[in-house]
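Dumped start_32.cif below, it's mmCIF, C-alpha atoms:
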```
data_my_file
#
loop_
_atom_site.label_atom_id
_atom_site.label_comp_id
_atom_site.auth_asym_id
_atom_site.auth_seq_id
_atom_site.Cartn_x
_atom_site.Cartn_y
_atom_site.Cartn_z
CA MET Y 266 -36.34 -50.67 -13.94
CA ARG Y 267 -33.37 -51.06 -16.30
CA VAL Y 268 -30.87 -53.76 -15.31
CA ALA Y 269 -27.54 -54.81 -16.82
CA PHE Y 270 -25.99 -58.21 -16.11
CA ILE Y 271 -22.23 -58.57 -16.61
CA VAL Y 272 -21.33 -62.26 -16.97
CA ASN Y 273 -18.49 -64.47 -18.18
CA GLN Y 274 -20.38 -66.34 -20.90
CA PHE Y 275 -23.98 -66.27 -21.99
CA PRO Y 276 -25.86 -68.37 -22.75
CA LEU Y 277 -24.17 -71.32 -21.05
CA LEU Y 278 -25.93 -74.62 -20.32
CA SER Y 279 -23.96 -75.18 -17.12
CA GLU Y 280 -25.08 -71.80 -15.71
CA THR Y 281 -28.86 -72.05 -15.65
CA PHE Y 282 -28.71 -70.25 -12.28
CA ILE Y 283 -27.93 -67.01 -14.13
CA LEU Y 284 -30.59 -67.68 -16.76
CA ASN Y 285 -33.16 -68.28 -13.98
CA GLN Y 286 -32.42 -64.85 -12.52
CA ILE Y 287 -32.61 -63.16 -15.91
CA THR Y 288 -35.95 -64.65 -16.94
CA GLY Y 289 -37.39 -64.12 -13.46
CA LEU Y 290 -36.49 -60.43 -13.49
CA ILE Y 291 -37.94 -59.99 -16.98
CA ASP Y 292 -41.16 -61.65 -15.80
CA ARG Y 293 -41.24 -59.08 -12.99
CA GLY Y 294 -41.09 -56.16 -15.41
CA CYS Y 295 -37.36 -55.42 -15.63
CA ASP Y 296 -35.82 -54.24 -18.89
CA LEU Y 297 -32.65 -56.34 -18.87
CA ASP Y 298 -29.51 -56.43 -21.04
CA VAL Y 299 -26.72 -59.00 -20.79
CA PHE Y 300 -23.05 -58.16 -21.36
CA ALA Y 301 -20.91 -61.28 -21.73
CA HIS Y 302 -17.21 -61.76 -22.36
CA ARG Y 303 -18.19 -64.63 -24.61
CA VAL Y 304 -21.51 -65.28 -26.36
CA GLY Y 305 -22.30 -69.00 -26.41
CA GLU Y 306 -23.38 -71.23 -29.25
CA GLU Y 307 -27.02 -70.65 -30.19
CA SER Y 308 -27.53 -74.31 -31.11
CA THR Y 309 -26.87 -75.63 -27.59
CA VAL Y 310 -28.80 -73.20 -25.40
CA HIS Y 311 -31.61 -73.64 -22.92
CA PRO Y 312 -35.08 -73.24 -24.51
CA ASP Y 313 -35.75 -70.13 -22.38
CA VAL Y 314 -33.03 -68.28 -24.31
CA HIS Y 315 -35.23 -68.50 -27.41
CA LYS Y 316 -38.53 -68.14 -25.52
CA TYR Y 317 -37.42 -64.76 -24.12
CA ASN Y 318 -35.44 -63.80 -27.24
CA LEU Y 319 -32.47 -63.06 -24.99
CA LEU Y 320 -29.78 -63.00 -27.67
CA ARG Y 321 -31.40 -59.82 -29.02
CA SER Y 322 -30.32 -58.01 -25.85
CA THR Y 323 -26.98 -59.80 -25.32
CA TYR Y 324 -23.76 -57.93 -26.13
CA CYS Y 325 -20.23 -59.31 -26.37
CA LEU Y 326 -17.65 -57.52 -24.21
CA THR Y 327 -14.65 -59.01 -25.96
CA TRP Y 328 -13.18 -56.86 -28.68
CA ALA Y 329 -12.02 -58.80 -31.73
CA GLY Y 330 -10.58 -56.13 -33.98
CA PRO Y 331 -7.43 -55.72 -36.09
CA LYS Y 332 -3.99 -56.43 -34.62
CA SER Y 333 -1.81 -53.94 -36.51
CA LEU Y 334 -1.26 -50.47 -35.06
CA ILE Y 335 -2.88 -48.09 -37.55
CA PRO Y 336 -6.15 -50.03 -37.94
CA LYS Y 337 -6.31 -50.41 -34.14
CA LEU Y 338 -5.95 -46.64 -33.69
CA LEU Y 339 -8.66 -45.96 -36.27
CA VAL Y 340 -11.05 -48.44 -34.66
CA GLY Y 341 -10.33 -47.02 -31.20
CA ALA Y 342 -11.02 -43.49 -32.47
CA ARG Y 343 -14.35 -44.65 -33.93
CA TYR Y 344 -15.38 -46.14 -30.58
CA PHE Y 345 -14.38 -42.98 -28.76
CA PHE Y 346 -16.41 -40.68 -31.02
CA SER Y 347 -19.36 -43.01 -30.76
CA SER Y 348 -19.13 -42.68 -26.95
CA PHE Y 349 -18.62 -38.92 -27.25
CA ARG Y 350 -21.90 -38.56 -29.14
CA SER Y 351 -23.70 -40.49 -26.39
CA ASN Y 352 -22.12 -38.71 -23.41
CA SER Y 353 -19.20 -36.35 -24.04
CA LYS Y 354 -18.36 -35.91 -20.37
CA ALA Y 355 -18.21 -39.65 -19.69
CA ALA Y 356 -16.28 -40.32 -22.89
CA LEU Y 357 -13.58 -37.84 -21.91
CA LYS Y 358 -13.49 -39.22 -18.37
CA SER Y 359 -13.00 -42.77 -19.65
CA ILE Y 360 -9.70 -41.89 -21.40
CA ASN Y 361 -8.10 -40.50 -18.25
CA ALA Y 362 -4.68 -42.19 -18.39
CA LEU Y 363 -3.83 -41.06 -14.86
CA LYS Y 364 -6.74 -43.12 -13.54
CA PHE Y 365 -6.92 -46.03 -15.99
CA GLY Y 366 -3.34 -46.24 -17.21
CA LYS Y 367 -2.47 -47.49 -20.69
CA ALA Y 368 -5.83 -49.26 -20.89
CA ALA Y 369 -7.51 -45.84 -21.20
CA VAL Y 370 -6.68 -45.67 -24.91
CA SER Y 371 -6.81 -49.36 -25.77
CA PRO Y 372 -9.42 -50.34 -28.38
CA SER Y 373 -10.76 -53.02 -26.02
CA TRP Y 374 -11.51 -50.47 -23.27
CA LEU Y 375 -12.90 -47.90 -25.71
CA TYR Y 376 -15.11 -50.61 -27.19
CA GLN Y 377 -16.47 -51.59 -23.78
CA THR Y 378 -17.14 -48.02 -22.66
CA GLN Y 379 -19.02 -47.15 -25.85
CA LEU Y 380 -21.01 -50.38 -25.55
CA PHE Y 381 -22.40 -49.32 -22.17
CA LEU Y 382 -22.78 -45.64 -23.03
CA ASN Y 383 -24.75 -46.48 -26.18
CA ASN Y 384 -27.06 -48.94 -24.42
CA GLY Y 385 -27.44 -47.39 -20.96
CA PRO Y 386 -28.19 -45.87 -18.58
CA TYR Y 387 -29.09 -48.59 -16.07
CA ASP Y 388 -30.60 -48.44 -12.61
CA ILE Y 389 -28.86 -51.63 -11.45
CA VAL Y 390 -25.65 -53.23 -12.70
CA HIS Y 391 -25.53 -56.84 -11.46
CA CYS Y 392 -22.09 -58.39 -11.90
CA GLN Y 393 -22.02 -62.17 -11.76
CA PHE Y 394 -18.69 -63.27 -10.20
CA GLY Y 395 -16.18 -61.03 -8.47
CA PRO Y 396 -13.85 -60.24 -11.40
CA ASN Y 397 -16.81 -58.83 -13.32
CA GLY Y 398 -17.50 -56.69 -10.27
CA ASN Y 399 -14.06 -55.15 -10.69
CA LEU Y 400 -14.86 -54.47 -14.35
CA GLY Y 401 -18.20 -52.96 -13.43
CA LEU Y 402 -16.52 -50.71 -10.88
CA ARG Y 403 -13.97 -49.44 -13.44
CA LEU Y 404 -16.75 -48.77 -15.93
CA ARG Y 405 -18.78 -46.88 -13.34
CA GLU Y 406 -15.76 -44.81 -12.33
CA SER Y 407 -15.15 -44.00 -15.99
CA GLY Y 408 -18.69 -42.68 -16.34
CA ALA Y 409 -19.68 -45.38 -18.83
CA LEU Y 410 -21.99 -46.95 -16.25
CA SER Y 411 -24.37 -45.40 -13.79
CA GLY Y 412 -26.69 -47.00 -11.28
CA ARG Y 413 -26.20 -49.20 -8.25
CA LEU Y 414 -23.45 -51.81 -8.40
CA VAL Y 415 -24.39 -55.30 -7.18
CA VAL Y 416 -21.77 -58.07 -7.22
CA GLN Y 417 -22.62 -61.75 -6.71
CA PHE Y 418 -19.88 -64.15 -5.60
CA ARG Y 419 -20.37 -67.80 -6.53
CA GLY Y 420 -17.26 -69.94 -5.97
CA TYR Y 421 -14.02 -69.74 -7.94
CA ASP Y 422 -14.06 -65.95 -7.66
CA ILE Y 423 -13.53 -66.09 -3.90
CA SER Y 424 -11.23 -69.14 -3.90
CA SER Y 425 -8.80 -69.86 -6.75
CA TYR Y 426 -9.04 -66.34 -8.20
CA VAL Y 427 -7.98 -64.81 -4.89
CA GLN Y 428 -5.19 -67.35 -4.55
CA VAL Y 429 -3.78 -66.26 -7.92
CA ARG Y 430 -4.46 -62.50 -7.73
CA GLY Y 431 -3.85 -61.92 -4.05
CA ARG Y 432 -5.98 -61.10 -1.02
CA THR Y 433 -6.27 -57.42 -1.91
CA VAL Y 434 -7.81 -58.02 -5.36
CA TYR Y 435 -11.28 -56.91 -4.20
CA ASP Y 436 -10.34 -54.17 -1.74
CA GLN Y 437 -11.65 -51.33 -3.90
CA LEU Y 438 -14.73 -53.31 -4.86
CA PHE Y 439 -15.63 -54.04 -1.24
CA ARG Y 440 -15.39 -50.34 -0.44
CA LYS Y 441 -17.29 -48.97 -3.42
CA ALA Y 442 -19.87 -51.57 -4.48
CA ASP Y 443 -23.39 -50.91 -3.22
CA LEU Y 444 -24.13 -54.53 -2.33
CA ILE Y 445 -22.27 -57.84 -2.21
CA LEU Y 446 -24.38 -60.97 -2.71
CA CYS Y 447 -23.11 -64.51 -2.22
CA VAL Y 448 -24.74 -67.88 -2.81
CA SER Y 449 -23.77 -69.57 0.45
CA GLU Y 450 -22.79 -68.98 4.06
CA SER Y 451 -19.38 -70.51 3.35
CA ILE Y 452 -18.69 -67.79 0.75
CA ARG Y 453 -19.99 -65.14 3.15
CA ALA Y 454 -17.37 -66.27 5.67
CA LYS Y 455 -14.62 -65.93 3.05
CA LEU Y 456 -15.81 -62.43 2.13
CA LEU Y 457 -15.66 -61.35 5.76
CA GLU Y 458 -12.21 -62.86 6.11
CA LEU Y 459 -11.01 -60.78 3.15
CA GLY Y 460 -12.29 -57.61 4.77
CA CYS Y 461 -15.69 -56.99 3.19
CA GLN Y 462 -17.94 -54.99 5.50
CA GLU Y 463 -20.58 -57.21 7.06
CA HIS Y 464 -23.44 -54.77 6.45
CA LYS Y 465 -22.83 -54.93 2.69
CA ILE Y 466 -23.14 -58.72 2.40
CA ARG Y 467 -26.35 -60.66 1.83
CA VAL Y 468 -26.58 -64.41 1.26
CA HIS Y 469 -28.79 -64.86 -1.78
CA HIS Y 470 -28.99 -68.44 -3.02
CA SER Y 471 -29.29 -69.58 -6.58
CA GLY Y 472 -32.57 -71.37 -7.11
CA VAL Y 473 -34.66 -73.61 -9.32
CA ASP Y 474 -38.24 -73.52 -10.53
CA THR Y 475 -39.72 -76.53 -8.78
CA LYS Y 476 -42.96 -76.14 -10.77
CA GLN Y 477 -41.07 -77.19 -13.90
CA PHE Y 478 -39.79 -80.41 -12.35
CA ALA Y 479 -41.85 -83.53 -12.05
CA PHE Y 480 -41.63 -85.17 -8.64
CA PRO Y 481 -41.86 -88.93 -9.06
CA LYS Y 482 -41.33 -90.81 -5.82
CA ARG Y 483 -38.23 -92.91 -6.25
CA GLN Y 484 -39.03 -96.58 -5.93
CA PRO Y 485 -36.74 -99.63 -5.67
CA THR Y 486 -35.51 -100.78 -9.06
CA ARG Y 487 -37.43 -103.59 -10.69
CA ASN Y 488 -34.66 -105.09 -12.81
CA GLY Y 489 -31.97 -104.80 -10.13
CA ASN Y 490 -29.91 -102.18 -11.96
CA VAL Y 491 -29.17 -98.94 -10.10
CA LYS Y 492 -28.59 -95.91 -12.31
CA LEU Y 493 -26.20 -93.23 -11.11
CA LEU Y 494 -25.87 -89.82 -12.73
CA THR Y 495 -23.30 -87.01 -12.63
CA ILE Y 496 -23.78 -83.75 -14.54
CA ALA Y 497 -20.70 -81.55 -14.40
CA ARG Y 498 -17.93 -79.83 -16.26
CA LEU Y 499 -14.97 -82.18 -16.35
CA VAL Y 500 -12.66 -80.04 -14.24
CA GLU Y 501 -10.84 -80.87 -11.01
CA LYS Y 502 -13.24 -79.29 -8.51
CA LYS Y 503 -16.14 -81.44 -9.73
CA GLY Y 504 -14.32 -84.49 -8.34
CA VAL Y 505 -15.49 -86.83 -11.11
CA ARG Y 506 -12.31 -88.88 -10.77
CA TYR Y 507 -13.34 -89.86 -7.24
CA GLY Y 508 -16.84 -90.72 -8.37
CA ILE Y 509 -15.43 -93.07 -10.99
CA GLN Y 510 -13.09 -94.71 -8.47
CA ALA Y 511 -15.90 -95.10 -5.92
CA VAL Y 512 -18.24 -96.68 -8.45
CA ALA Y 513 -15.49 -99.06 -9.55
CA GLU Y 514 -14.94 -100.03 -5.90
CA ALA Y 515 -18.65 -100.44 -5.12
CA ALA Y 516 -19.22 -102.45 -8.29
CA LYS Y 517 -16.97 -105.22 -6.96
CA THR Y 518 -19.74 -106.23 -4.57
CA HIS Y 519 -22.69 -104.57 -6.34
CA PRO Y 520 -22.41 -105.28 -10.08
CA CYS Y 521 -25.84 -103.76 -10.68
CA ILE Y 522 -24.46 -100.20 -11.07
CA GLU Y 523 -24.81 -98.16 -14.26
CA TYR Y 524 -23.04 -94.78 -14.10
CA LYS Y 525 -23.55 -92.01 -16.68
CA ILE Y 526 -21.49 -88.82 -16.65
CA VAL Y 527 -22.87 -85.86 -18.60
CA GLY Y 528 -20.45 -83.03 -19.31
CA ASP Y 529 -17.20 -82.15 -20.98
CA GLY Y 530 -13.96 -80.38 -20.20
CA LEU Y 531 -10.18 -80.53 -20.05
CA LEU Y 532 -10.12 -83.76 -18.05
CA ARG Y 533 -12.22 -85.86 -20.40
CA GLU Y 534 -9.35 -87.85 -21.91
CA GLU Y 535 -7.78 -88.38 -18.48
CA LEU Y 536 -11.07 -89.64 -17.06
CA GLN Y 537 -11.66 -91.92 -20.05
CA ASN Y 538 -8.24 -93.44 -19.50
CA LEU Y 539 -9.07 -93.96 -15.81
CA ILE Y 540 -12.27 -95.81 -16.71
CA LYS Y 541 -10.30 -98.05 -19.04
CA GLU Y 542 -7.56 -98.62 -16.46
CA LEU Y 543 -10.13 -99.66 -13.83
CA GLY Y 544 -11.84 -102.00 -16.29
CA VAL Y 545 -15.29 -100.46 -15.82
CA GLY Y 546 -15.99 -99.28 -19.35
CA SER Y 547 -19.13 -101.42 -19.47
CA ARG Y 548 -20.54 -99.69 -16.37
CA ILE Y 549 -19.33 -96.07 -16.65
CA ARG Y 550 -19.85 -93.87 -19.69
CA LEU Y 551 -18.76 -90.31 -20.47
CA LEU Y 552 -21.54 -88.84 -22.60
CA GLY Y 553 -20.43 -85.23 -23.22
CA TRP Y 554 -22.92 -82.39 -22.97
CA LYS Y 555 -26.58 -83.08 -23.70
CA ARG Y 556 -29.51 -80.87 -24.64
CA GLN Y 557 -31.74 -79.67 -21.83
CA ASP Y 558 -34.57 -82.03 -22.77
CA GLU Y 559 -32.15 -84.97 -22.75
CA ILE Y 560 -30.83 -83.97 -19.32
CA VAL Y 561 -34.38 -83.79 -17.95
CA ARG Y 562 -35.07 -87.29 -19.26
CA MET Y 563 -31.85 -88.60 -17.71
CA PHE Y 564 -32.81 -87.13 -14.33
CA ASP Y 565 -36.12 -88.97 -14.53
CA GLU Y 566 -34.47 -92.25 -15.52
CA SER Y 567 -31.81 -92.13 -12.77
CA ASP Y 568 -31.91 -93.35 -9.17
CA ILE Y 569 -29.06 -91.46 -7.44
CA LEU Y 570 -27.14 -88.25 -8.20
CA LEU Y 571 -23.41 -88.41 -7.50
CA THR Y 572 -21.66 -85.05 -7.00
CA PRO Y 573 -18.22 -85.68 -5.42
CA SER Y 574 -16.98 -82.06 -5.41
CA VAL Y 575 -13.49 -81.23 -4.10
CA THR Y 576 -11.26 -78.20 -3.59
CA GLY Y 577 -8.97 -77.96 -6.61
CA GLY Y 578 -5.21 -77.83 -6.32
CA ASN Y 579 -5.44 -74.15 -7.29
CA GLY Y 580 -7.92 -73.50 -4.48
CA ASP Y 581 -10.97 -73.56 -6.76
CA GLU Y 582 -14.21 -74.31 -4.87
CA GLU Y 583 -17.91 -74.68 -5.55
CA GLY Y 584 -20.67 -72.49 -4.21
CA ILE Y 585 -23.76 -74.70 -4.26
CA PRO Y 586 -24.01 -76.67 -7.54
CA ASN Y 587 -27.27 -75.96 -9.33
CA VAL Y 588 -27.49 -79.55 -10.51
CA LEU Y 589 -27.88 -80.65 -6.87
CA MET Y 590 -30.89 -78.36 -6.43
CA GLU Y 591 -32.46 -79.71 -9.61
CA ALA Y 592 -31.85 -83.31 -8.56
CA LEU Y 593 -33.35 -82.82 -5.10
CA ALA Y 594 -36.32 -81.00 -6.63
CA ARG Y 595 -36.88 -84.13 -8.75
CA GLY Y 596 -36.74 -86.39 -5.71
CA LEU Y 597 -33.33 -87.94 -6.36
CA PRO Y 598 -31.27 -89.00 -3.35
CA ALA Y 599 -27.88 -87.31 -3.57
CA LEU Y 600 -24.40 -88.49 -2.65
CA SER Y 601 -21.95 -85.61 -2.29
CA THR Y 602 -19.17 -84.16 -0.14
CA TYR Y 603 -18.59 -81.72 2.71
CA HIS Y 604 -17.50 -79.01 0.32
CA GLY Y 605 -18.30 -75.31 -0.09
CA GLY Y 606 -22.00 -74.61 0.40
CA ILE Y 607 -23.16 -78.17 -0.34
CA PRO Y 608 -23.92 -78.96 3.35
CA GLU Y 609 -26.30 -75.96 3.28
CA LEU Y 610 -28.40 -77.84 0.71
CA ILE Y 611 -28.06 -81.57 1.44
CA GLN Y 612 -29.24 -82.72 4.85
CA ASP Y 613 -26.88 -85.59 5.60
CA GLY Y 614 -28.81 -88.78 6.23
CA LYS Y 615 -32.11 -87.12 5.36
CA SER Y 616 -32.03 -86.09 1.69
CA GLY Y 617 -28.78 -87.86 0.86
CA PHE Y 618 -25.32 -88.52 2.22
CA LEU Y 619 -22.21 -86.37 2.59
CA VAL Y 620 -18.65 -87.67 2.91
CA PRO Y 621 -15.24 -85.98 3.18
CA GLU Y 622 -13.62 -84.73 -0.02
CA ARG Y 623 -11.54 -87.26 -2.01
CA ASP Y 624 -12.59 -90.12 0.28
CA VAL Y 625 -13.20 -92.88 -2.26
CA THR Y 626 -13.77 -95.50 0.44
CA ALA Y 627 -16.48 -93.41 2.13
CA LEU Y 628 -18.15 -92.65 -1.21
CA ALA Y 629 -18.23 -96.34 -2.10
CA GLU Y 630 -19.55 -97.25 1.36
CA LYS Y 631 -22.44 -94.74 1.22
CA LEU Y 632 -23.18 -95.83 -2.32
CA ARG Y 633 -23.58 -99.40 -1.09
CA VAL Y 634 -25.86 -98.16 1.70
CA LEU Y 635 -28.11 -96.46 -0.84
CA ILE Y 636 -28.19 -99.53 -3.06
CA ASP Y 637 -28.86 -101.94 -0.19
CA ASN Y 638 -31.55 -99.74 1.40
CA GLN Y 639 -33.68 -98.65 -1.52
CA ASP Y 640 -36.63 -98.27 0.83
CA LEU Y 641 -34.92 -95.02 1.94
CA TRP Y 642 -35.27 -93.43 -1.49
CA PRO Y 643 -38.88 -92.15 -1.30
CA ALA Y 644 -38.39 -90.43 2.08
CA MET Y 645 -35.04 -88.95 0.99
CA GLY Y 646 -36.59 -87.67 -2.21
CA GLU Y 647 -39.46 -86.03 -0.36
CA ALA Y 648 -37.12 -84.42 2.18
CA GLY Y 649 -34.94 -83.01 -0.60
CA ARG Y 650 -37.89 -81.66 -2.56
CA ASN Y 651 -39.40 -79.98 0.50
CA PHE Y 652 -36.07 -78.38 1.44
CA VAL Y 653 -35.54 -76.98 -2.06
CA GLU Y 654 -39.10 -75.63 -2.21
CA GLU Y 655 -38.58 -73.87 1.11
CA HIS Y 656 -35.06 -72.47 0.70
CA PHE Y 657 -34.12 -72.56 -3.01
CA ASN Y 658 -37.38 -71.69 -4.75
CA ILE Y 659 -36.48 -69.40 -7.64
CA ASP Y 660 -39.82 -67.56 -7.49
CA LYS Y 661 -39.25 -66.58 -3.86
CA LEU Y 662 -35.63 -65.70 -4.56
CA ASN Y 663 -36.44 -63.54 -7.60
CA ASP Y 664 -39.15 -61.72 -5.64
CA ARG Y 665 -36.53 -61.04 -2.99
CA LEU Y 666 -33.94 -59.94 -5.56
CA LEU Y 667 -36.32 -57.41 -7.08
CA LYS Y 668 -37.09 -56.09 -3.61
CA ILE Y 669 -33.34 -55.72 -3.01
CA TYR Y 670 -32.97 -53.81 -6.27
CA LYS Y 671 -35.80 -51.45 -5.38
CA SER Y 672 -34.36 -50.78 -1.94
CA LEU Y 673 -31.03 -49.85 -3.56
CA GLN Y 674 -32.71 -47.77 -6.24
CA ASN Y 675 -34.62 -45.86 -3.56
CA GLN Y 676 -31.45 -45.42 -1.48
CA ALA Y 677 -32.52 -48.08 1.01
CA ALA Y 678 -36.00 -46.65 1.49
CA VAL Y 679 -36.95 -50.22 2.41
CA PRO Y 680 -34.88 -51.21 5.48
CA TRP Y 681 -32.71 -54.31 5.02
CA GLU Y 682 -34.52 -55.92 7.93
CA CYS Y 683 -37.70 -55.93 5.86
CA ILE Y 684 -36.12 -58.13 3.21
CA GLU Y 685 -36.75 -61.75 4.07
CA PRO Y 686 -33.58 -63.83 4.38
CA ALA Y 687 -32.78 -66.44 1.77
#
```
Once more with this new file: its structure as structure tokens, please.
Amino acid sequence: MRVAFIVNQFPLLSETFILNQITGLIDRGCDLDVFAHRVGEESTVHPDVHKYNLLRSTYCLTWAGPKSLIPKLLVGARYFFSSFRSNSKAALKSINALKFGKAAVSPSWLYQTQLFLNNGPYDIVHCQFGPNGNLGLRLRESGALSGRLVVQFRGYDISSYVQVRGRTVYDQLFRKADLILCVSESIRAKLLELGCQEHKIRVHHSGVDTKQFAFPKRQPTRNGNVKLLTIARLVEKKGVRYGIQAVAEAAKTHPCIEYKIVGDGLLREELQNLIKELGVGSRIRLLGWKRQDEIVRMFDESDILLTPSVTGGNGDEEGIPNVLMEALARGLPALSTYHGGIPELIQDGKSGFLVPERDVTALAEKLRVLIDNQDLWPAMGEAGRNFVEEHFNIDKLNDRLLKIYKSLQNQAAVPWECIEPA
């Protein structure tokens, strides 16, 4: 089976959930190509990118050609004739200005259509995030793409993106896509609210490979220090500001806290200033991004994962953060918020604690509870691990995804009811 993934950026350390699907499908015999708007830095990728030699089959969707008119026209003509040699009918269809407007003759569009025509055809086109679903639909209607169109919604694409682009932004996609996947029940509810047909939607979680993660039972600290960890892009919806404030508050009565924040982003300087303003620079450190092996080591050296996610001012929301799955698989108690799909992963009071968004006082209070009751850690860790193995096991999920693909490829020869739920 030939499969194309359309993604925003690949490879990307913060999106191992996409990498896990790619490698799992390759292991199951799929011939898979990746089309990314941006190709990431090779020096900072997950080891599996090299293990599977994925950059060999990764193509950049972003055209970076000349700016002046005549060279642009010449480049566009070259792309068109390249497409014409691959599939003359599709090439002519793709430059239909009545259907695609001015974009029909833009070098960027001609570049993208020839990219798919020269590398296809595909049985399945799996678009990660809604906007890429819209691109996939345009490419299929142009004739550049064939095969079944699967679109997976993950968070921002059904929250802030809709707020900016309007509630009708996916109307055509909902009608014409073959299948809509989403990573949580909360996103499923949003899709239904926007008018997606219920029979087209399937909740399909992201997952982690629990076999790769050691499961040390978390024991009370011997030296009295409690190590907290956050791994996140430094953007508003990750709520790192509230984690910093909560740690600063809890540290007034519990000076044993050490808090490390792994990640980078637009808010780094603002968060560094906040740490300085609160006078907790000796307890809280912003470390930037780390290599995968360093992140694994930090998981193993930490006691509690702090993930204080919030809804951004622009409406941006999480699906279910992959880092939470990885932490629970490693037996870490988690402290997070009632946000997006997070309550579908963390069992409040059993594998961790959940508090309302932006509630610094509640975060600090639950943090003190975890520090004062370290005898809870082993049972919380075991509950989290068991829940991830049952509901977020990447092997089970990739088996299910391949079964979904085959049912689409065979025009639903396998009834949906036969596909086990996530």
Neighbouring residues of Y:Thr626 were defined as those with any atom within 9 Å, considering only C-alpha atoms; residues of the same chain fewer than 6 positions away were excluded. Please report them as a CSV table (one decimal) with C-alpha atoms, keeping the file's coordinate frame.
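Produced file around-v6.csv, reproduced below:
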```csv
chain,number,residue,atom,x,y,z
Y,510,GLN,CA,-13.1,-94.7,-8.5
Y,511,ALA,CA,-15.9,-95.1,-5.9
Y,514,GLU,CA,-14.9,-100.0,-5.9
Y,515,ALA,CA,-18.6,-100.4,-5.1
```
Practice item. Find the residues around Y:Lys555 up to 8 Å (only C-alpha atoms counted), leave out those fewer than 3 positions away in its own chain, and share them as a PyMOL selection string. Key: chain Y and resi 527-528+552+559-560
May I have the residues from that selection written out with C-alpha atoms, as a short mmCIF file (atom, residue, chain, number, x, y, z; two decimals), in the frame of the given file?
```cif
data_model
loop_
_atom_site.label_atom_id
_atom_site.label_comp_id
_atom_site.auth_asym_id
_atom_site.auth_seq_id
_atom_site.Cartn_x
_atom_site.Cartn_y
_atom_site.Cartn_z
CA VAL Y 527 -22.87 -85.86 -18.60
CA GLY Y 528 -20.45 -83.03 -19.31
CA LEU Y 552 -21.54 -88.84 -22.60
CA GLU Y 559 -32.15 -84.97 -22.75
CA ILE Y 560 -30.83 -83.97 -19.32
#
```
Point to revise | Nearest-residue call for Y:Ala594, choices Y:Gln639, Y:Thr475, Y:Asn488, Y:Ser616, using only C-alpha atoms | key: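 Checking each candidate against Y:Ala594, we get Y:Thr475 as the closest.
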Exercise for review: Give the answer as one residue: which of Y:Glu463, Y:Glu542, Y:Glu280, Y:Asp388 has the shortest atom-to-atom distance to Y:Asp296, using all atoms listed in the file?
Suggested key: Y:Asp388
Practice item. Quick one: apply the PyMOL selection byres ((chain Y and resi 369) around 12) to the file and drop the selected residues here as JSON, numbers by chain. Key: {"Y": [341, 345, 356, 357, 358, 359, 360, 361, 362, 363, 364, 365, 366, 367, 368, 370, 371, 372, 373, 374, 375, 376, 377, 378, 403, 404, 407]}
Exercise for review: Apply the PyMOL selection byres ((chain Y and resi 565) around 9) to the displayed file and report the matching residues as JSON, numbers by chain.
Suggested key: {"Y": [479, 480, 481, 560, 561, 562, 563, 564, 566, 567, 568, 595, 597]}
Check your understanding: When the PyMOL selection byres ((chain Y and resi 587) around 9) is applied to the file above, which residues end up in the set, as a ChimeraX atom specification?
Key -> /Y:279-282,471-473,585-586,588-592
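Remark: for Y:Gln428, the closest of the candidate residues Y:Cys295, Y:Leu673, Y:Leu459, Y:Val505 is Y:Leu459 (distances computed over all atoms listed in the file).
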Exercise for review: For a cut-off of 12 Å around (-31.0, -102.9, 0.6), file coordinates, pick out all residues using all atoms listed in the file and list them as a PyMOL selection string.
Suggested key: chain Y and resi 485-486+489+491+519+631-642
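Among the candidates Y:Val625, Y:Gln484, Y:Leu410, Y:Trp554, the residue lying nearest to Y:Leu380 is Y:Leu410 (atoms considered: all atoms listed in the file).
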Write stretch 608-615 of chain Y as a PDB file, in the frame of the given file, completed to N, CA and C atoms.
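Saved to out_13.pdb:
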```
ATOM      1  N   PRO Y 608     -23.205 -78.574   2.122  1.00  0.00           N
ATOM      2  CA  PRO Y 608     -23.920 -78.960   3.350  1.00  0.00           C
ATOM      3  C   PRO Y 608     -25.084 -78.029   3.708  1.00  0.00           C
ATOM      4  N   GLU Y 609     -25.161 -76.852   3.065  1.00  0.00           N
ATOM      5  CA  GLU Y 609     -26.300 -75.960   3.280  1.00  0.00           C
ATOM      6  C   GLU Y 609     -27.520 -76.409   2.486  1.00  0.00           C
ATOM      7  N   LEU Y 610     -27.313 -77.332   1.550  1.00  0.00           N
ATOM      8  CA  LEU Y 610     -28.400 -77.840   0.710  1.00  0.00           C
ATOM      9  C   LEU Y 610     -28.779 -79.276   1.076  1.00  0.00           C
ATOM     10  N   ILE Y 611     -27.786 -80.156   1.166  1.00  0.00           N
ATOM     11  CA  ILE Y 611     -28.060 -81.570   1.440  1.00  0.00           C
ATOM     12  C   ILE Y 611     -28.059 -81.805   2.946  1.00  0.00           C
ATOM     13  N   GLN Y 612     -29.151 -82.342   3.442  1.00  0.00           N
ATOM     14  CA  GLN Y 612     -29.240 -82.720   4.850  1.00  0.00           C
ATOM     15  C   GLN Y 612     -28.723 -84.154   4.982  1.00  0.00           C
ATOM     16  N   ASP Y 613     -27.537 -84.284   5.540  1.00  0.00           N
ATOM     17  CA  ASP Y 613     -26.880 -85.590   5.600  1.00  0.00           C
ATOM     18  C   ASP Y 613     -27.754 -86.607   6.331  1.00  0.00           C
ATOM     19  N   GLY Y 614     -27.992 -87.724   5.662  1.00  0.00           N
ATOM     20  CA  GLY Y 614     -28.810 -88.780   6.230  1.00  0.00           C
ATOM     21  C   GLY Y 614     -30.286 -88.590   6.021  1.00  0.00           C
ATOM     22  N   LYS Y 615     -30.692 -87.410   5.537  1.00  0.00           N
ATOM     23  CA  LYS Y 615     -32.110 -87.120   5.360  1.00  0.00           C
ATOM     24  C   LYS Y 615     -32.487 -87.007   3.891  1.00  0.00           C
TER      25      LYS Y 615
END
```
